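Raw work27.pdb, PDB, C-alpha atoms:
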```pdb
ATOM      1  CA  MET A 169     -32.182 -15.455  61.116
ATOM      2  CA  LYS A 170     -31.752 -13.606  64.411
ATOM      3  CA  ARG A 171     -34.653 -11.255  63.575
ATOM      4  CA  PHE A 172     -36.790 -14.227  62.586
ATOM      5  CA  LEU A 173     -36.197 -15.922  65.951
ATOM      6  CA  ILE A 174     -36.862 -12.700  67.882
ATOM      7  CA  CYS A 175     -40.172 -12.227  66.017
ATOM      8  CA  PHE A 176     -41.067 -15.873  66.617
ATOM      9  CA  PHE A 177     -40.485 -15.641  70.371
ATOM     10  CA  LEU A 178     -42.276 -12.287  70.596
ATOM     11  CA  LEU A 179     -45.337 -13.748  68.858
ATOM     12  CA  ALA A 180     -45.175 -16.792  71.112
ATOM     13  CA  ALA A 181     -45.037 -14.611  74.244
ATOM     14  CA  VAL A 182     -48.037 -12.563  73.119
ATOM     15  CA  GLN A 183     -49.916 -15.748  72.307
ATOM     16  CA  LEU A 184     -49.026 -17.289  75.686
ATOM     17  CA  ALA A 185     -50.678 -14.370  77.441
ATOM     18  CA  HIS A 186     -53.722 -14.804  75.207
ATOM     19  CA  GLY A 187     -53.580 -18.615  75.338
ATOM     20  CA  GLN A 188     -54.831 -18.921  78.901
ATOM     21  CA  TYR A 189     -58.272 -17.848  77.664
ATOM     22  CA  TYR A 190     -58.242 -20.163  74.622
ATOM     23  CA  LYS A 191     -61.131 -22.626  74.440
ATOM     24  CA  THR A 192     -62.458 -24.666  71.573
ATOM     25  CA  ASP A 193     -66.079 -25.781  71.515
ATOM     26  CA  THR A 194     -65.384 -28.268  68.725
ATOM     27  CA  LEU A 195     -63.291 -30.536  70.957
ATOM     28  CA  THR A 196     -66.216 -31.555  73.197
ATOM     29  CA  HIS A 197     -68.140 -33.716  70.680
ATOM     30  CA  LYS A 198     -68.197 -37.518  70.988
ATOM     31  CA  GLY A 199     -67.496 -39.776  68.002
ATOM     32  CA  PHE A 200     -66.292 -38.563  64.610
ATOM     33  CA  ASP A 201     -66.515 -34.799  64.329
ATOM     34  CA  ARG A 202     -65.815 -33.172  60.942
ATOM     35  CA  SER A 203     -64.804 -29.963  62.694
ATOM     36  CA  LYS A 204     -61.744 -31.792  64.070
ATOM     37  CA  LEU A 205     -60.378 -32.542  60.602
ATOM     38  CA  ILE A 206     -57.100 -30.845  59.740
ATOM     39  CA  LEU A 207     -56.324 -29.958  56.115
ATOM     40  CA  GLY A 208     -53.165 -28.139  55.190
ATOM     41  CA  GLY A 209     -49.648 -28.418  53.969
ATOM     42  CA  SER A 210     -47.124 -26.291  52.204
ATOM     43  CA  LEU A 211     -46.316 -25.136  48.711
ATOM     44  CA  GLY A 212     -42.941 -23.833  47.654
ATOM     45  CA  VAL A 213     -41.585 -22.580  44.336
ATOM     46  CA  VAL A 214     -38.085 -21.351  43.417
ATOM     47  CA  PHE A 215     -36.964 -20.504  39.858
ATOM     48  CA  GLY A 216     -33.563 -19.649  38.416
ATOM     49  CA  ASP A 217     -30.306 -21.603  38.058
ATOM     50  CA  TYR A 218     -31.784 -23.653  40.897
ATOM     51  CA  THR A 219     -35.450 -24.587  40.423
ATOM     52  CA  ASN A 220     -37.591 -26.337  43.015
ATOM     53  CA  VAL A 221     -41.325 -26.985  43.125
ATOM     54  CA  ASP A 222     -42.591 -28.525  46.371
ATOM     55  CA  ILE A 223     -46.201 -29.584  47.009
ATOM     56  CA  SER A 224     -46.683 -31.215  50.416
ATOM     57  CA  PRO A 225     -50.323 -31.613  51.481
ATOM     58  CA  LEU A 226     -51.364 -33.160  54.776
ATOM     59  CA  VAL A 227     -54.605 -34.320  56.331
ATOM     60  CA  GLY A 228     -55.228 -35.255  59.925
ATOM     61  CA  TYR A 229     -57.557 -35.336  62.870
ATOM     62  CA  ARG A 230     -57.478 -33.475  66.190
ATOM     63  CA  PHE A 231     -58.132 -36.292  68.685
ATOM     64  CA  SER A 232     -58.087 -34.003  71.697
ATOM     65  CA  GLU A 233     -57.002 -30.528  72.679
ATOM     66  CA  TYR A 234     -53.446 -31.885  73.004
ATOM     67  CA  ILE A 235     -53.029 -34.529  70.270
ATOM     68  CA  ALA A 236     -53.389 -34.545  66.467
ATOM     69  CA  ALA A 237     -52.185 -37.040  63.855
ATOM     70  CA  GLY A 238     -52.559 -37.798  60.178
ATOM     71  CA  ILE A 239     -50.874 -38.565  56.880
ATOM     72  CA  ASN A 240     -48.757 -36.474  54.533
ATOM     73  CA  VAL A 241     -47.642 -36.621  50.898
ATOM     74  CA  ASN A 242     -44.387 -35.205  49.492
ATOM     75  CA  ALA A 243     -43.992 -34.290  45.838
ATOM     76  CA  GLN A 244     -40.961 -32.291  44.662
ATOM     77  CA  TYR A 245     -39.233 -31.512  41.405
ATOM     78  CA  GLY A 246     -35.876 -29.826  41.247
ATOM     79  CA  GLN A 247     -33.258 -28.821  38.729
ATOM     80  CA  TYR A 248     -29.820 -27.249  39.068
ATOM     81  CA  LYS A 249     -27.668 -25.899  36.254
ATOM     82  CA  SER A 250     -23.917 -25.477  36.535
ATOM     83  CA  ILE A 251     -22.802 -22.700  34.186
ATOM     84  CA  ASP A 252     -19.343 -21.837  32.923
ATOM     85  CA  TYR A 253     -19.584 -18.065  33.272
ATOM     86  CA  VAL A 254     -16.595 -17.456  30.996
ATOM     87  CA  THR A 255     -18.241 -19.136  27.987
ATOM     88  CA  ASP A 256     -21.817 -18.654  29.311
ATOM     89  CA  ARG A 257     -22.772 -22.249  28.638
ATOM     90  CA  THR A 258     -24.328 -24.977  30.739
ATOM     91  CA  ILE A 259     -21.736 -27.591  31.679
ATOM     92  CA  GLN A 260     -23.973 -29.788  33.852
ATOM     93  CA  ARG A 261     -27.691 -30.106  34.590
ATOM     94  CA  ASP A 262     -28.958 -32.105  37.577
ATOM     95  CA  LYS A 263     -32.636 -33.023  37.965
ATOM     96  CA  TYR A 264     -34.500 -34.841  40.685
ATOM     97  CA  THR A 265     -38.007 -35.848  41.627
ATOM     98  CA  ILE A 266     -39.109 -36.918  45.075
ATOM     99  CA  PHE A 267     -42.384 -38.654  45.783
ATOM    100  CA  GLY A 268     -43.337 -40.180  49.082
ATOM    101  CA  GLY A 269     -45.171 -39.694  52.288
ATOM    102  CA  GLY A 270     -45.805 -40.972  55.730
ATOM    103  CA  VAL A 271     -47.610 -40.274  58.941
ATOM    104  CA  TRP A 272     -47.288 -37.405  61.386
ATOM    105  CA  GLY A 273     -48.214 -36.694  64.967
ATOM    106  CA  ARG A 274     -48.358 -33.527  67.040
ATOM    107  CA  VAL A 275     -48.540 -32.874  70.746
ATOM    108  CA  TYR A 276     -49.770 -29.421  71.795
ATOM    109  CA  PRO A 277     -48.381 -28.551  75.256
ATOM    110  CA  LEU A 278     -49.938 -25.105  74.688
ATOM    111  CA  PRO A 279     -52.765 -24.356  72.222
ATOM    112  CA  MET A 280     -50.491 -22.592  69.719
ATOM    113  CA  LEU A 281     -47.210 -24.510  70.185
ATOM    114  CA  PHE A 282     -46.656 -28.083  69.039
ATOM    115  CA  ILE A 283     -44.044 -30.818  68.989
ATOM    116  CA  HIS A 284     -44.032 -32.610  65.637
ATOM    117  CA  ILE A 285     -42.842 -36.115  64.669
ATOM    118  CA  GLN A 286     -43.056 -37.416  61.096
ATOM    119  CA  PRO A 287     -41.677 -40.766  59.903
ATOM    120  CA  GLU A 288     -41.745 -40.958  56.114
ATOM    121  CA  TYR A 289     -40.381 -42.822  53.123
ATOM    122  CA  ASN A 290     -39.459 -41.073  49.868
ATOM    123  CA  PHE A 291     -38.689 -42.408  46.396
ATOM    124  CA  VAL A 292     -36.008 -40.339  44.683
ATOM    125  CA  THR A 293     -35.137 -40.251  40.974
ATOM    126  CA  GLN A 294     -32.004 -38.336  39.967
ATOM    127  CA  SER A 295     -30.357 -37.648  36.641
ATOM    128  CA  SER A 296     -27.186 -35.722  35.837
ATOM    129  CA  THR A 297     -26.320 -34.617  32.330
ATOM    130  CA  VAL A 298     -22.729 -33.530  31.692
ATOM    131  CA  TYR A 299     -22.048 -31.525  28.509
ATOM    132  CA  ASP A 300     -18.538 -32.481  27.379
ATOM    133  CA  THR A 301     -17.688 -30.348  24.343
ATOM    134  CA  PRO A 302     -18.564 -26.667  23.888
ATOM    135  CA  GLY A 303     -20.702 -25.986  20.822
ATOM    136  CA  ARG A 304     -21.613 -29.650  20.302
ATOM    137  CA  ASP A 305     -24.296 -31.934  21.612
ATOM    138  CA  ASP A 306     -21.791 -34.288  23.270
ATOM    139  CA  LYS A 307     -23.263 -35.196  26.592
ATOM    140  CA  ARG A 308     -23.398 -38.032  29.096
ATOM    141  CA  THR A 309     -26.417 -38.729  31.303
ATOM    142  CA  PHE A 310     -26.350 -40.691  34.549
ATOM    143  CA  LYS A 311     -29.580 -41.832  36.244
ATOM    144  CA  THR A 312     -30.356 -43.390  39.595
ATOM    145  CA  ASN A 313     -33.473 -44.339  41.568
ATOM    146  CA  TYR A 314     -33.706 -45.231  45.237
ATOM    147  CA  GLY A 315     -35.906 -45.129  48.304
ATOM    148  CA  VAL A 316     -34.872 -43.514  51.565
ATOM    149  CA  PRO A 317     -36.427 -43.327  55.058
ATOM    150  CA  SER A 318     -36.520 -40.140  57.139
ATOM    151  CA  LEU A 319     -37.667 -39.302  60.648
ATOM    152  CA  LEU A 320     -38.452 -35.598  61.007
ATOM    153  CA  ILE A 321     -38.680 -34.242  64.552
ATOM    154  CA  GLY A 322     -39.189 -30.635  65.561
ATOM    155  CA  ALA A 323     -41.527 -27.986  66.870
ATOM    156  CA  GLY A 324     -43.796 -25.311  65.527
ATOM    157  CA  TYR A 325     -46.213 -22.483  66.125
ATOM    158  CA  THR A 326     -49.732 -21.928  64.772
ATOM    159  CA  GLN A 327     -51.682 -18.685  64.675
ATOM    160  CA  SER A 328     -55.348 -18.281  63.833
ATOM    161  CA  VAL A 329     -56.091 -15.812  61.058
ATOM    162  CA  GLY A 330     -59.856 -16.140  61.424
ATOM    163  CA  GLY A 331     -62.256 -18.934  62.267
ATOM    164  CA  ARG A 332     -60.606 -22.331  61.879
ATOM    165  CA  VAL A 333     -58.026 -21.073  59.365
ATOM    166  CA  GLY A 334     -54.484 -20.607  60.554
ATOM    167  CA  ILE A 335     -50.898 -20.299  59.496
ATOM    168  CA  GLY A 336     -48.077 -22.246  60.977
ATOM    169  CA  ILE A 337     -44.321 -22.359  61.005
ATOM    170  CA  SER A 338     -42.184 -25.287  62.018
ATOM    171  CA  ILE A 339     -38.550 -26.228  62.230
ATOM    172  CA  LEU A 340     -37.754 -29.904  61.702
ATOM    173  CA  TYR A 341     -34.664 -32.093  61.490
ATOM    174  CA  ASP A 342     -34.169 -35.542  59.961
ATOM    175  CA  VAL A 343     -32.675 -37.488  62.868
ATOM    176  CA  LEU A 344     -31.994 -40.644  60.797
ATOM    177  CA  GLN A 345     -29.598 -38.807  58.454
ATOM    178  CA  ASP A 346     -29.389 -41.519  55.820
ATOM    179  CA  SER A 347     -26.584 -40.551  53.442
ATOM    180  CA  ARG A 348     -29.119 -40.253  50.582
ATOM    181  CA  SER A 349     -31.732 -38.294  52.544
ATOM    182  CA  PRO A 350     -33.289 -35.441  50.546
ATOM    183  CA  TYR A 351     -32.982 -33.305  53.687
ATOM    184  CA  ASN A 352     -29.179 -33.715  53.976
ATOM    185  CA  ASN A 353     -27.836 -32.447  57.280
ATOM    186  CA  ASN A 354     -29.976 -29.293  57.349
ATOM    187  CA  LEU A 355     -32.768 -27.824  59.395
ATOM    188  CA  ILE A 356     -36.073 -27.873  57.516
ATOM    189  CA  TYR A 357     -38.116 -24.666  57.728
ATOM    190  CA  ARG A 358     -41.773 -24.942  56.800
ATOM    191  CA  VAL A 359     -44.434 -22.283  56.566
ATOM    192  CA  GLY A 360     -47.948 -23.279  55.623
ATOM    193  CA  ALA A 361     -51.639 -22.663  55.974
ATOM    194  CA  GLY A 362     -54.258 -24.986  57.296
ATOM    195  CA  LEU A 363     -57.902 -25.506  58.135
ATOM    196  CA  GLY A 364     -58.641 -26.900  61.590
ATOM    197  CA  PHE A 365     -55.077 -26.437  62.763
TER     198      PHE A 365
END
```
Re-express the file's structure as structure tokens.
Amino acid sequence: MKRFLICFFLLAAVQLAHGQYYKTDTLTHKGFDRSKLILGGSLGVVFGDYTNVDISPLVGYRFSEYIAAGINVNAQYGQYKSIDYVTDRTIQRDKYTIFGGGVWGRVYPLPMLFIHIQPEYNFVTQSSTVYDTPGRDDKRTFKTNYGVPSLLIGAGYTQSVGGRVGIGISILYDVLQDSRSPYNNNLIYRVGAGLGF
């Protein structure tokens, strides 16, 4: 984590020196300008005893050099297996799906740095299956569905990789901290790519 932060601040310092010469011709048009559209999001996949597939697209509009806003969609599937390593059998399997979305806004105090705010509402479906007896199909399944609000606030950094395509990293935190929040009490690290960042 320490190396990650050092690299982040080093890249930011280099970009600050370069940022004073940054100009965008596309921000001078009047009315709707397709070149101000922002398309992006993130995609994450983890497999193993813990599986998670996360697809989170976003679309927005760059209203000025300093302000952008839009909508986002969250779609996640996850599964966790608890294994008794002595008998090498699954004793519990937890699954969840999350589907929701919201709106987001960004303020760019510098061309490559942004402050991000994202209120959203997610619908969560969870099921837990407990396997009671080894070698038999005795099991109990518990299911629950609920909706939960979140308010993600944080900051990020974008870097052009050519033309209007860029990559970005952000660190967010759910300040509402509802007890059923899918973000728990953790920092949320996001890395993604975008067009018209």
- Message: Show me, as a PyMOL selection string, the residues that have an atom within 9 Å of Gly270 of chain A when counting all atoms listed in the file, minus same-chain residues fewer than 5 positions from it.
- Response: chain A and resi 238-242+286-290
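Proximity ranking of A:Ser296, A:Ser224, A:Thr326, A:Thr258 relative to Ser338 of chain A places A:Thr326 first, based on only C-alpha atoms.
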- Query: Just so the selection is clear, what residues does the PyMOL selection byres ((chain A and resi 207) around 12) cover here, as a count of residues only?
  - Reply: 30
- Query: atom CA of Asp262 of chain A to atom CA of Leu340 of chain A: how many Å, to one decimal?
  - Reply: 25.8 Å
- Could you work out how far atom CA of Val292 of chain A lies from atom CA of Leu344 of chain A, giving the answer in Å with one decimal? 16.6 Å
- Task: Can you pull out every residue within 10 Å of Gly315 of chain A, counting all atoms listed in the file, but drop anything in the same chain fewer than 3 positions away, and send it as JSON, numbers by chain?
- Result: {"A": [266, 267, 268, 289, 290, 291, 292, 293, 348, 349]}
May I have the centre and edge lengths, in Å to one decimal, of an axis-aligned box around the listed atoms of segment 263-273 of chain A with 8 Å added to every side, as lines of an AutoDock Vina configuration file?
```
center_x = -40.4
center_y = -37.0
center_z = 51.5
size_x = 31.6
size_y = 23.9
size_z = 43.0
```
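Taking atom CA of Tyr351 of chain A as the reference point, atom CA of Ile339 of chain A is found at 12.4 Å.
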- Task: List the neighbours of Ile259 of chain A out to 7 Å using only C-alpha atoms; skip same-chain residues closer than 3 positions along the sequence, and give me the result as a PyMOL selection string.
- Result: chain A and resi 250-252+298-299
Residues from the last selection, C-alpha atoms, saved as a PDB file, in the frame of the given file:
```
ATOM      1  CA  SER A 250     -23.917 -25.477  36.535  1.00  0.00           C
ATOM      2  CA  ILE A 251     -22.802 -22.700  34.186  1.00  0.00           C
ATOM      3  CA  ASP A 252     -19.343 -21.837  32.923  1.00  0.00           C
ATOM      4  CA  VAL A 298     -22.729 -33.530  31.692  1.00  0.00           C
ATOM      5  CA  TYR A 299     -22.048 -31.525  28.509  1.00  0.00           C
TER       6      TYR A 299
END
```
- Query: Nearest to Arg261 of chain A among A:Gly324, A:Gly273, A:Gly246, A:Gly331, with distances taken over all atoms listed in the file: which residue is it?
  - Reply: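 Closest residue, counting all atoms listed in the file: A:Gly246.
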- Shortest interatomic distance to Val359 of chain A - which of A:Val275, A:Lys198, A:Thr265, A:Leu211, counting all atoms listed in the file: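 Comparing A:Val275, A:Lys198, A:Thr265, A:Leu211 against Val359 of chain A, the winner is A:Leu211.
With all atoms listed in the file as the atoms that count, the residue of A:Val254, A:Arg274, A:Ser232, A:Ile223 with the shortest distance to Gly322 of chain A is A:Arg274.
Minimum distance to Tyr264 of chain A across A:Tyr314, A:Phe282, A:Tyr234, A:Phe215 (counting all atoms listed in the file) occurs at A:Tyr314.
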- Task: Any chance you could resolve the PyMOL selection byres ((chain A and resi 212) around 6) against this file and give the residues as a list of chain:residue names?
- Result: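 On this input, the PyMOL selection byres ((chain A and resi 212) around 6) captures A:Leu211, A:Val213, A:Val221, A:Asp222.
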- Check the smallest atom-to-atom distance from each of A:Ile337, A:Leu281, A:Ser318, A:Gln327 to Asn352 of chain A using only C-alpha atoms, then report the winner.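 Looking at the shortest contact to Asn352 of chain A, the residue is A:Ser318.
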- Please evaluate the PyMOL selection byres ((chain A and resi 342) around 6) against the displayed coordinates and give the resulting residues as a list of chain:residue names.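 Applying the expression gives A:Ser318, A:Leu319, A:Leu320, A:Tyr341, A:Val343, A:Leu344, A:Gln345.
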Requested write-out: C-alpha atoms of the selected residues, as a JSON list (two decimals), keeping the file's coordinate frame:
```json
[["chain", "number", "residue", "atom", "x", "y", "z"],
["A", 318, "SER", "CA", -36.52, -40.14, 57.14],
["A", 319, "LEU", "CA", -37.67, -39.30, 60.65],
["A", 320, "LEU", "CA", -38.45, -35.60, 61.01],
["A", 341, "TYR", "CA", -34.66, -32.09, 61.49],
["A", 343, "VAL", "CA", -32.67, -37.49, 62.87],
["A", 344, "LEU", "CA", -31.99, -40.64, 60.80],
["A", 345, "GLN", "CA", -29.60, -38.81, 58.45]]
```
